[in-house]
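Undergrad: Have a peek at query13.csv (CSV, C-alpha atoms).
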chain,number,residue,atom,x,y,z
A,13,MET,CA,-0.2,-11.3,-15.7
A,14,GLY,CA,1.2,-13.4,-18.6
A,15,ASP,CA,1.3,-10.4,-20.8
A,16,ARG,CA,2.9,-8.2,-18.2
A,17,VAL,CA,5.6,-10.7,-17.5
A,18,ARG,CA,6.4,-11.1,-21.2
A,19,SER,CA,6.4,-7.4,-21.8
A,20,PHE,CA,9.2,-7.1,-19.2
A,21,GLN,CA,11.3,-9.6,-21.1
A,22,PHE,CA,11.2,-7.9,-24.4
A,23,SER,CA,10.9,-4.2,-23.5
A,24,GLY,CA,14.3,-4.0,-22.0
A,25,GLU,CA,13.4,-0.7,-20.3
A,26,GLY,CA,14.0,-1.9,-16.7
A,27,PHE,CA,11.6,-3.1,-14.1
A,28,VAL,CA,8.1,-1.7,-14.2
A,29,PRO,CA,6.9,-1.8,-10.5
A,30,PRO,CA,3.4,-3.0,-10.0
A,31,SER,CA,0.9,-0.2,-9.6
A,32,THR,CA,-2.8,0.3,-9.2
A,33,ALA,CA,-3.1,-0.4,-12.9
A,34,ASP,CA,-2.5,-4.1,-12.1
A,35,PHE,CA,-5.8,-4.1,-10.2
A,36,ASN,CA,-7.9,-2.9,-13.1
A,37,LEU,CA,-8.1,-6.1,-15.0
A,38,PRO,CA,-9.6,-6.1,-18.5
A,39,PRO,CA,-13.1,-7.5,-19.0
A,40,ALA,CA,-13.2,-11.3,-19.7
A,41,PHE,CA,-15.5,-10.6,-22.6
A,42,GLY,CA,-17.3,-7.5,-24.0
A,43,HIS,CA,-16.5,-4.1,-22.7
A,44,SER,CA,-18.5,-4.2,-19.5
A,45,GLU,CA,-16.8,-3.7,-16.1
A,46,TYR,CA,-19.2,-6.3,-14.9
A,47,THR,CA,-17.4,-9.1,-16.6
A,48,THR,CA,-14.0,-8.6,-14.9
A,49,LYS,CA,-12.2,-11.2,-12.8
A,50,PRO,CA,-13.3,-9.8,-9.3
A,51,VAL,CA,-16.9,-10.1,-10.3
A,52,PHE,CA,-16.5,-13.7,-11.3
A,53,LEU,CA,-14.5,-14.4,-8.2
A,54,VAL,CA,-17.3,-13.0,-6.0
A,55,PHE,CA,-19.8,-15.3,-7.7
A,56,LEU,CA,-17.4,-18.2,-7.5
A,57,SER,CA,-17.0,-17.6,-3.8
A,58,ILE,CA,-20.8,-17.8,-3.3
A,59,ILE,CA,-20.8,-21.1,-5.1
A,60,VAL,CA,-17.9,-22.4,-3.1
A,61,VAL,CA,-19.2,-21.4,0.3
A,62,SER,CA,-22.7,-22.7,-0.5
A,63,ALA,CA,-21.4,-26.0,-1.9
A,64,PHE,CA,-19.0,-26.5,1.0
A,65,PHE,CA,-21.6,-26.0,3.8
A,66,ILE,CA,-24.3,-27.9,2.0
A,67,ALA,CA,-22.0,-30.8,1.6
A,68,ALA,CA,-20.8,-30.5,5.2
A,69,SER,CA,-24.3,-30.4,6.6
A,70,ARG,CA,-26.2,-32.8,4.4
A,71,LYS,CA,-25.4,-36.0,6.1
A,72,ALA,CA,-25.3,-34.7,9.7
A,73,ALA,CA,-24.2,-37.6,11.9
A,74,ILE,CA,-23.6,-37.8,15.6
A,75,VAL,CA,-20.1,-39.0,14.8
A,76,PRO,CA,-19.2,-36.4,12.2
A,77,SER,CA,-17.2,-36.9,9.1
A,78,LYS,CA,-14.1,-34.8,8.5
A,79,LEU,CA,-16.1,-32.5,6.2
A,80,GLN,CA,-18.9,-32.1,8.7
A,81,PHE,CA,-16.4,-31.4,11.4
A,82,ALA,CA,-14.7,-28.7,9.4
A,83,GLY,CA,-18.0,-27.0,8.6
A,84,GLU,CA,-19.3,-27.3,12.2
A,85,SER,CA,-16.0,-25.9,13.5
A,86,ILE,CA,-16.3,-22.7,11.4
A,87,TYR,CA,-20.0,-22.4,12.3
A,88,SER,CA,-19.5,-22.8,16.0
A,89,PHE,CA,-16.5,-20.4,15.9
A,90,VAL,CA,-18.8,-17.7,14.4
A,91,ARG,CA,-21.7,-18.6,16.6
A,92,HIS,CA,-19.9,-18.8,19.9
A,93,ASP,CA,-16.8,-16.6,19.6
A,94,LEU,CA,-18.4,-13.8,17.5
A,95,GLY,CA,-22.0,-14.1,18.3
A,96,GLU,CA,-22.7,-15.3,21.8
A,97,GLU,CA,-19.6,-13.9,23.5
A,98,ILE,CA,-20.0,-10.4,22.1
A,99,ILE,CA,-23.7,-9.8,21.4
A,100,GLY,CA,-25.1,-11.7,24.4
A,101,HIS,CA,-28.5,-13.4,24.9
A,102,GLU,CA,-30.0,-12.0,21.7
A,103,PHE,CA,-27.2,-13.3,19.5
A,104,MET,CA,-29.0,-16.0,17.6
A,105,ARG,CA,-30.9,-13.5,15.4
A,106,PHE,CA,-27.6,-12.2,14.0
A,107,VAL,CA,-25.7,-15.4,13.6
A,108,PRO,CA,-26.8,-16.0,10.0
A,109,PHE,CA,-25.6,-12.5,9.0
A,110,LEU,CA,-22.3,-12.8,10.8
A,111,PHE,CA,-21.7,-16.3,9.5
A,112,THR,CA,-22.4,-15.2,5.9
A,113,LEU,CA,-20.2,-12.1,6.3
A,114,PHE,CA,-17.4,-14.1,7.7
A,115,THR,CA,-17.4,-17.0,5.3
A,116,PHE,CA,-17.9,-14.7,2.3
A,117,VAL,CA,-15.1,-12.3,3.2
A,118,LEU,CA,-12.8,-15.2,4.2
A,119,THR,CA,-13.3,-17.0,0.9
A,120,ASN,CA,-12.8,-14.0,-1.2
A,121,ASN,CA,-9.7,-13.0,0.7
A,122,VAL,CA,-8.2,-16.4,0.5
A,123,PHE,CA,-8.8,-16.4,-3.3
A,124,GLY,CA,-5.9,-13.9,-3.3
A,125,ILE,CA,-3.4,-16.8,-2.8
A,126,VAL,CA,-5.3,-19.7,-4.5
A,127,PRO,CA,-3.3,-20.6,-7.6
A,128,PHE,CA,-4.9,-19.3,-10.9
A,129,LEU,CA,-7.5,-17.3,-9.0
A,130,GLN,CA,-4.9,-15.2,-7.2
A,131,PHE,CA,-6.9,-12.0,-6.8
A,132,PRO,CA,-8.6,-10.7,-3.7
A,133,ALA,CA,-11.9,-9.1,-4.8
A,134,MET,CA,-11.9,-7.0,-1.7
A,135,SER,CA,-8.9,-5.1,-3.1
A,136,HIS,CA,-11.5,-3.2,-5.1
A,137,VAL,CA,-12.9,-0.8,-2.6
A,138,GLY,CA,-16.5,-1.1,-4.0
A,139,PHE,CA,-17.0,-4.6,-2.4
A,140,PRO,CA,-16.0,-3.6,1.1
A,141,TYR,CA,-18.1,-0.5,0.9
A,142,VAL,CA,-21.2,-2.6,0.2
A,143,LEU,CA,-20.4,-4.9,3.1
A,144,ALA,CA,-19.8,-2.0,5.4
A,145,LEU,CA,-23.2,-0.5,4.3
A,146,PHE,CA,-24.9,-3.8,5.3
A,147,SER,CA,-23.3,-3.6,8.7
A,148,PHE,CA,-24.1,0.1,9.0
A,149,PHE,CA,-27.8,-0.3,8.2
A,150,ILE,CA,-28.1,-3.4,10.4
A,151,PHE,CA,-26.6,-2.0,13.5
A,152,HIS,CA,-28.5,1.3,13.3
A,153,ALA,CA,-31.7,-0.5,12.5
A,154,VAL,CA,-31.2,-2.8,15.5
A,155,GLY,CA,-30.6,0.1,17.8
A,156,ILE,CA,-33.6,2.1,16.5
A,157,LYS,CA,-35.8,-0.9,16.8
A,158,LYS,CA,-34.7,-1.8,20.2
A,159,GLN,CA,-34.6,1.7,21.8
A,160,GLY,CA,-36.7,3.9,19.6
A,161,LEU,CA,-35.4,6.5,17.2
A,162,GLY,CA,-35.2,9.4,19.6
A,163,LYS,CA,-33.7,7.5,22.5
A,164,TYR,CA,-31.2,5.8,20.2
A,165,LEU,CA,-30.0,9.0,18.7
A,166,ARG,CA,-29.9,10.7,22.1
A,167,GLY,CA,-27.8,7.8,23.4
A,168,ILE,CA,-25.3,8.4,20.6
A,169,ALA,CA,-25.1,12.1,20.7
A,170,PHE,CA,-25.4,13.0,24.4
A,171,MET,CA,-23.1,11.3,26.8
A,172,PRO,CA,-24.7,11.3,30.2
A,173,GLY,CA,-23.1,13.0,33.2
A,174,VAL,CA,-21.4,15.8,31.4
A,175,PRO,CA,-21.9,19.6,31.8
A,176,LYS,CA,-24.1,21.0,29.1
A,177,PHE,CA,-21.6,23.2,27.3
A,178,VAL,CA,-19.3,20.3,26.7
A,179,TYR,CA,-21.8,18.8,24.3
A,180,ILE,CA,-20.8,21.5,21.7
A,181,LEU,CA,-17.4,19.8,21.7
A,182,LEU,CA,-18.4,16.2,22.0
A,183,THR,CA,-21.6,15.8,20.1
A,184,PRO,CA,-20.1,16.4,16.6
A,185,ILE,CA,-17.4,13.8,17.4
A,186,GLU,CA,-19.9,11.2,18.5
A,187,ILE,CA,-22.1,11.7,15.5
A,188,ALA,CA,-19.1,11.6,13.1
A,189,THR,CA,-17.9,8.4,14.8
A,190,PHE,CA,-21.2,6.6,14.5
A,191,PHE,CA,-22.3,7.7,11.1
A,192,ILE,CA,-19.0,8.3,9.1
A,193,VAL,CA,-15.9,6.9,10.7
A,194,ARG,CA,-17.4,3.5,11.7
A,195,PRO,CA,-18.6,2.4,8.2
A,196,LEU,CA,-15.6,4.0,6.6
A,197,THR,CA,-12.9,2.4,8.8
A,198,LEU,CA,-14.8,-0.9,8.5
A,199,SER,CA,-14.5,-1.0,4.7
A,200,LEU,CA,-11.2,0.8,4.3
A,201,ARG,CA,-9.4,-1.5,6.7
A,202,LEU,CA,-10.4,-4.5,4.7
A,203,PHE,CA,-9.7,-2.9,1.4
A,204,ALA,CA,-6.3,-1.5,2.4
A,205,ASN,CA,-5.1,-4.8,3.8
A,206,MET,CA,-6.1,-6.8,0.7
A,207,PHE,CA,-4.8,-4.1,-1.7
A,208,ALA,CA,-1.4,-3.8,0.1
A,209,GLY,CA,-1.1,-7.6,0.4
A,210,HIS,CA,-1.7,-8.2,-3.3
A,211,LEU,CA,0.7,-5.4,-4.2
A,212,LEU,CA,3.3,-6.9,-2.0
A,213,LEU,CA,3.1,-10.3,-3.6
A,214,LEU,CA,3.2,-8.7,-7.0
A,215,VAL,CA,6.4,-6.8,-6.1
A,216,PHE,CA,8.3,-9.9,-5.0
A,217,ILE,CA,7.1,-12.3,-7.6
A,218,THR,CA,7.2,-10.0,-10.7
A,219,GLY,CA,10.4,-8.6,-9.3
A,220,GLY,CA,11.9,-12.1,-8.9
A,221,ASP,CA,10.8,-12.9,-12.4
A,222,TYR,CA,12.4,-9.7,-13.8
A,223,MET,CA,15.7,-10.4,-12.0
A,224,LEU,CA,15.8,-13.9,-13.3
A,225,HIS,CA,15.1,-13.1,-17.0
A,226,ASP,CA,16.0,-9.6,-17.7
A,227,SER,CA,19.0,-8.4,-15.9
A,228,HIS,CA,22.7,-8.8,-15.0
A,229,THR,CA,24.1,-12.1,-13.8
A,230,PHE,CA,24.5,-10.6,-10.3
A,231,LEU,CA,20.7,-10.0,-10.0
A,232,LYS,CA,20.0,-13.4,-11.5
A,233,ILE,CA,21.8,-15.0,-8.6
A,234,LEU,CA,19.8,-12.9,-6.2
A,235,SER,CA,16.4,-13.7,-7.7
A,236,PRO,CA,15.7,-16.8,-5.6
A,237,PHE,CA,15.7,-14.5,-2.6
A,238,SER,CA,12.9,-12.5,-4.1
A,239,PHE,CA,10.9,-15.7,-4.9
A,240,THR,CA,11.5,-16.9,-1.3
A,241,MET,CA,10.2,-13.6,0.0
A,242,GLY,CA,7.2,-14.1,-2.3
A,243,ILE,CA,6.5,-17.5,-0.8
A,244,GLY,CA,7.0,-16.2,2.7
A,245,MET,CA,4.7,-13.3,2.1
A,246,THR,CA,2.1,-15.7,0.7
A,247,PHE,CA,1.9,-17.4,4.0
A,248,PHE,CA,1.9,-14.0,5.8
A,249,GLU,CA,-0.9,-13.0,3.5
A,250,PHE,CA,-2.9,-16.0,4.4
A,251,MET,CA,-2.7,-14.9,8.0
A,252,VAL,CA,-3.8,-11.4,7.2
A,253,GLN,CA,-6.6,-12.6,5.0
A,254,CYS,CA,-8.1,-14.7,7.8
A,255,LEU,CA,-7.5,-12.0,10.4
A,256,GLN,CA,-9.3,-9.4,8.3
A,257,ALA,CA,-12.3,-11.6,7.7
A,258,TYR,CA,-12.4,-12.1,11.5
A,259,ILE,CA,-12.0,-8.4,12.3
A,260,ILE,CA,-14.8,-7.2,10.0
A,261,THR,CA,-17.1,-9.7,11.5
A,262,LEU,CA,-16.0,-9.0,15.0
A,263,LEU,CA,-16.5,-5.2,14.6
A,264,THR,CA,-19.9,-5.8,13.1
A,265,ALA,CA,-20.8,-7.9,16.1
A,266,LEU,CA,-19.5,-5.2,18.4
A,267,PHE,CA,-21.5,-2.5,16.7
A,268,ILE,CA,-24.6,-4.6,17.0
A,269,ALA,CA,-23.9,-5.3,20.6
A,270,GLY,CA,-23.4,-1.5,21.2
A,271,ALA,CA,-26.7,-0.7,19.5
A,272,LEU,CA,-28.5,-3.3,21.6
A,273,ALA,CA,-27.1,-2.1,24.9
A,274,ASP,CA,-29.3,0.5,26.6
A,275,GLU,CA,-26.5,2.5,28.1
A,276,HIS,CA,-23.2,3.0,26.4
B,20,MET,CA,-13.8,-9.7,28.8
B,21,ALA,CA,-11.1,-10.0,26.1
B,22,SER,CA,-13.7,-9.2,23.4
B,23,ASN,CA,-14.8,-6.1,25.3
B,24,ASP,CA,-11.2,-4.9,25.4
B,25,GLU,CA,-10.9,-5.4,21.7
B,26,GLY,CA,-14.1,-3.4,21.2
B,27,ALA,CA,-12.8,-0.6,23.3
B,28,LEU,CA,-9.6,-0.5,21.3
B,29,TRP,CA,-11.5,0.0,18.0
B,30,SER,CA,-14.0,2.5,19.5
B,31,ILE,CA,-11.1,4.6,20.9
B,32,PHE,CA,-9.4,4.5,17.5
B,33,GLY,CA,-12.7,5.7,15.9
B,34,TYR,CA,-13.1,8.5,18.4
B,35,LEU,CA,-9.6,9.8,18.0
B,36,ILE,CA,-10.0,9.9,14.2
B,37,SER,CA,-13.3,11.6,14.2
B,38,GLY,CA,-12.2,14.1,16.7
B,39,LEU,CA,-9.4,15.2,14.5
B,40,LEU,CA,-11.5,15.0,11.4
B,41,ILE,CA,-14.4,17.1,12.7
B,42,TRP,CA,-12.6,19.8,14.6
B,43,GLY,CA,-9.6,19.9,12.4
B,44,GLY,CA,-12.0,20.1,9.5
B,45,ILE,CA,-13.9,23.0,11.1
B,46,GLY,CA,-10.6,24.8,11.8
B,47,MET,CA,-9.4,24.4,8.2
B,48,ALA,CA,-12.8,25.6,6.9
B,49,LEU,CA,-12.5,28.7,9.1
B,50,ASP,CA,-8.9,29.4,7.9
B,51,HIS,CA,-10.1,28.9,4.3
B,52,TRP,CA,-13.0,31.2,4.9
B,53,PHE,CA,-11.2,34.1,6.6
B,54,ASP,CA,-8.3,33.7,4.2
B,55,LYS,CA,-5.8,35.7,6.4
B,56,GLY,CA,-2.8,33.7,5.2
B,57,HIS,CA,-2.2,31.9,8.5
B,58,HIS,CA,-3.4,28.5,9.8
B,59,TRP,CA,-4.0,29.1,13.4
B,60,PHE,CA,-7.6,27.9,13.2
B,61,THR,CA,-6.4,24.6,11.7
B,62,LEU,CA,-3.9,24.1,14.5
B,63,GLY,CA,-6.4,25.1,17.1
B,64,GLY,CA,-9.0,22.8,15.5
B,65,PHE,CA,-6.7,19.8,15.6
B,66,LEU,CA,-5.7,20.4,19.2
B,67,LEU,CA,-9.3,20.9,20.2
B,68,GLY,CA,-10.3,17.8,18.4
B,69,MET,CA,-7.5,15.8,19.9
B,70,GLY,CA,-8.3,17.0,23.4
B,71,ALA,CA,-12.1,16.5,23.0
B,72,SER,CA,-11.7,13.0,21.7
B,73,LEU,CA,-9.3,12.1,24.5
B,74,TYR,CA,-11.8,13.5,27.0
B,75,LEU,CA,-14.5,11.5,25.3
B,76,VAL,CA,-12.4,8.3,25.5
B,77,TRP,CA,-11.9,9.0,29.2
B,78,LEU,CA,-15.6,9.6,29.7
B,79,ARG,CA,-16.6,6.3,27.9
B,80,PHE,CA,-13.9,4.0,29.1
B,81,GLY,CA,-11.9,5.6,32.0
B,82,ARG,CA,-14.7,6.6,34.4
B,83,GLU,CA,-15.6,3.4,36.1
What is this file in structure tokens?

TA:
Amino acid sequence: MGDRVRSFQFSGEGFVPPSTADFNLPPAFGHSEYTTKPVFLVFLSIIVVSAFFIAASRKAAIVPSKLQFAGESIYSFVRHDLGEEIIGHEFMRFVPFLFTLFTFVLTNNVFGIVPFLQFPAMSHVGFPYVLALFSFFIFHAVGIKKQGLGKYLRGIAFMPGVPKFVYILLTPIEIATFFIVRPLTLSLRLFANMFAGHLLLLVFITGGDYMLHDSHTFLKILSPFSFTMGIGMTFFEFMVQCLQAYIITLLTALFIAGALADEH
Amino acid sequence: MASNDEGALWSIFGYLISGLLIWGGIGMALDHWFDKGHHWFTLGGFLLGMGASLYLVWLRFGRE
């Protein structure tokens, strides 16, 4: 970012709007794409999440400390609102996965607005793809284990109580929904939200910077508006980041619940 | 029940997309294959897919 901003000031060629190039950060060292910022942020998020919940649960007391209360609130939110409410009586088996997914995605998303970190790793589509693959394999495995392979696939492909010839029309849609659209929308929704959000912040903040340093007096006067929008959008982003972490976990729970249910 | 409604919302969304993708895709493939210079199969495919997925949504969520 520092180099970008400086290059605006001296180039004098007008404002260069942020683009996808701003997401391909150079490697921190060496030439490997495994030493870029998003990779480090993902590892950092694992450390942060682990450290937070170890600290929150280490001295479990009946009268909880503030830290313990915070940790338990997040846990009970995932366990109750996303696990028990949606999956039903078998929910306890899936709580560890849902909890990991939620906290991992939430932390990585919020990194997008934490000063100096300021990059959501999920704006690189590879990370959401992997998360969606986990959900995909888990909810299909759960369904196959619960109902048997044949019965599970028949349940997906053939809707009961429909004339036979209609299956030609409906079966391809059902199969595409369960095997292509579900994992794809799960990952693309998260990716697109994080990508667009980061781009939005870049527009307002680098735009404000350009207006302040590198343009007419008239635009200099207007630049505070751009910064104000940038700050407003940062709060908006925080909401989106939490919401997207919630939605990917919610949908995973819903898919698991659907796979566990005998009849759709 | 709120969570179930939310689940239904996303399932419906998924069905509508895959209906369009599958039957629209088949229509486009047919047009490409026959190469007659028109796109009636694509149009028909999209309409068929839309109709089929709406029917599917009705079967899944509107029947009870």

Undergrad: To one decimal in Å, tell me the separation between atom CA of Phe207 of chain A and atom CA of Ser135 of chain A.

TA: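 Here the two named atoms are 4.4 Å from each other.
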
Undergrad: Could you work out how far atom CA of Met171 of chain A lies from atom CA of Ile260 of chain A, giving the answer in Å with one decimal?

TA: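 Atom CA of Met171 of chain A lies at a distance of 26.3 Å from atom CA of Ile260 of chain A.
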
Undergrad: Between A:Ala72, A:Phe203, A:Phe109, A:Ile168, which is the closest to Ala188 of chain A once you count all atoms listed in the file?

TA: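 Distance minimum relative to Ala188 of chain A lands on A:Ile168.
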
Undergrad: Within 8 Å of (-1.0, -20.0, 0.9) in the file's own coordinates, which protein, DNA or RNA residues have an atom, counting all atoms listed in the file? List them as a VMD selection string.

TA: chain A and resid 125 to 126 246 to 247 249 to 250

Undergrad: At a cut-off of 9 Å, which residues of chain B touch chain A? Count all atoms listed in the file and give the answer as an mmCIF file with C-alpha atoms, keeping the file's coordinate frame.

TA:
data_model
loop_
_atom_site.group_PDB
_atom_site.id
_atom_site.type_symbol
_atom_site.label_atom_id
_atom_site.label_comp_id
_atom_site.auth_asym_id
_atom_site.auth_seq_id
_atom_site.Cartn_x
_atom_site.Cartn_y
_atom_site.Cartn_z
ATOM 1 C CA MET B 20 -13.800 -9.700 28.800
ATOM 2 C CA SER B 22 -13.700 -9.200 23.400
ATOM 3 C CA ASN B 23 -14.800 -6.100 25.300
ATOM 4 C CA GLY B 26 -14.100 -3.400 21.200
ATOM 5 C CA TRP B 29 -11.500 0.000 18.000
ATOM 6 C CA SER B 30 -14.000 2.500 19.500
ATOM 7 C CA GLY B 33 -12.700 5.700 15.900
ATOM 8 C CA TYR B 34 -13.100 8.500 18.400
ATOM 9 C CA LEU B 35 -9.600 9.800 18.000
ATOM 10 C CA ILE B 36 -10.000 9.900 14.200
ATOM 11 C CA SER B 37 -13.300 11.600 14.200
ATOM 12 C CA GLY B 38 -12.200 14.100 16.700
ATOM 13 C CA LEU B 39 -9.400 15.200 14.500
ATOM 14 C CA LEU B 40 -11.500 15.000 11.400
ATOM 15 C CA ILE B 41 -14.400 17.100 12.700
ATOM 16 C CA TRP B 42 -12.600 19.800 14.600
ATOM 17 C CA LEU B 67 -9.300 20.900 20.200
ATOM 18 C CA GLY B 68 -10.300 17.800 18.400
ATOM 19 C CA ALA B 71 -12.100 16.500 23.000
ATOM 20 C CA SER B 72 -11.700 13.000 21.700
ATOM 21 C CA TYR B 74 -11.800 13.500 27.000
ATOM 22 C CA LEU B 75 -14.500 11.500 25.300
ATOM 23 C CA LEU B 78 -15.600 9.600 29.700
ATOM 24 C CA ARG B 79 -16.600 6.300 27.900
#

Undergrad: What's the separation between atom CA of Ser147 of chain A and atom CA of Leu211 of chain A, in Å to one decimal place?

TA: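 The value is 27.3 Å.
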
Undergrad: List as number ranges by chain the residues having at least one atom at most 7 Å from position (-19.4, -34.4, 2.4) as given in the file, counting all atoms listed in the file.

TA: A: 67-68, 79-80

Undergrad: Kindly write segment 42-54 of chain B with C-alpha atoms to a file, as a PDB file, in the first residue's frame.

TA:
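Final output, result_3.pdb:
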ATOM      1  CA  TRP B  42     -31.361 -26.594 -18.845  1.00  0.00           C
ATOM      2  CA  GLY B  43     -30.036 -23.316 -20.167  1.00  0.00           C
ATOM      3  CA  GLY B  44     -26.673 -25.033 -20.580  1.00  0.00           C
ATOM      4  CA  ILE B  45     -28.229 -27.954 -22.424  1.00  0.00           C
ATOM      5  CA  GLY B  46     -30.073 -25.510 -24.688  1.00  0.00           C
ATOM      6  CA  MET B  47     -26.899 -23.622 -25.444  1.00  0.00           C
ATOM      7  CA  ALA B  48     -25.059 -26.857 -26.147  1.00  0.00           C
ATOM      8  CA  LEU B  49     -27.795 -27.892 -28.584  1.00  0.00           C
ATOM      9  CA  ASP B  50     -27.665 -24.548 -30.383  1.00  0.00           C
ATOM     10  CA  HIS B  51     -23.918 -24.785 -30.556  1.00  0.00           C
ATOM     11  CA  TRP B  52     -24.125 -28.337 -31.858  1.00  0.00           C
ATOM     12  CA  PHE B  53     -26.721 -27.765 -34.565  1.00  0.00           C
ATOM     13  CA  ASP B  54     -25.187 -24.440 -35.484  1.00  0.00           C
TER      14      ASP B  54
END
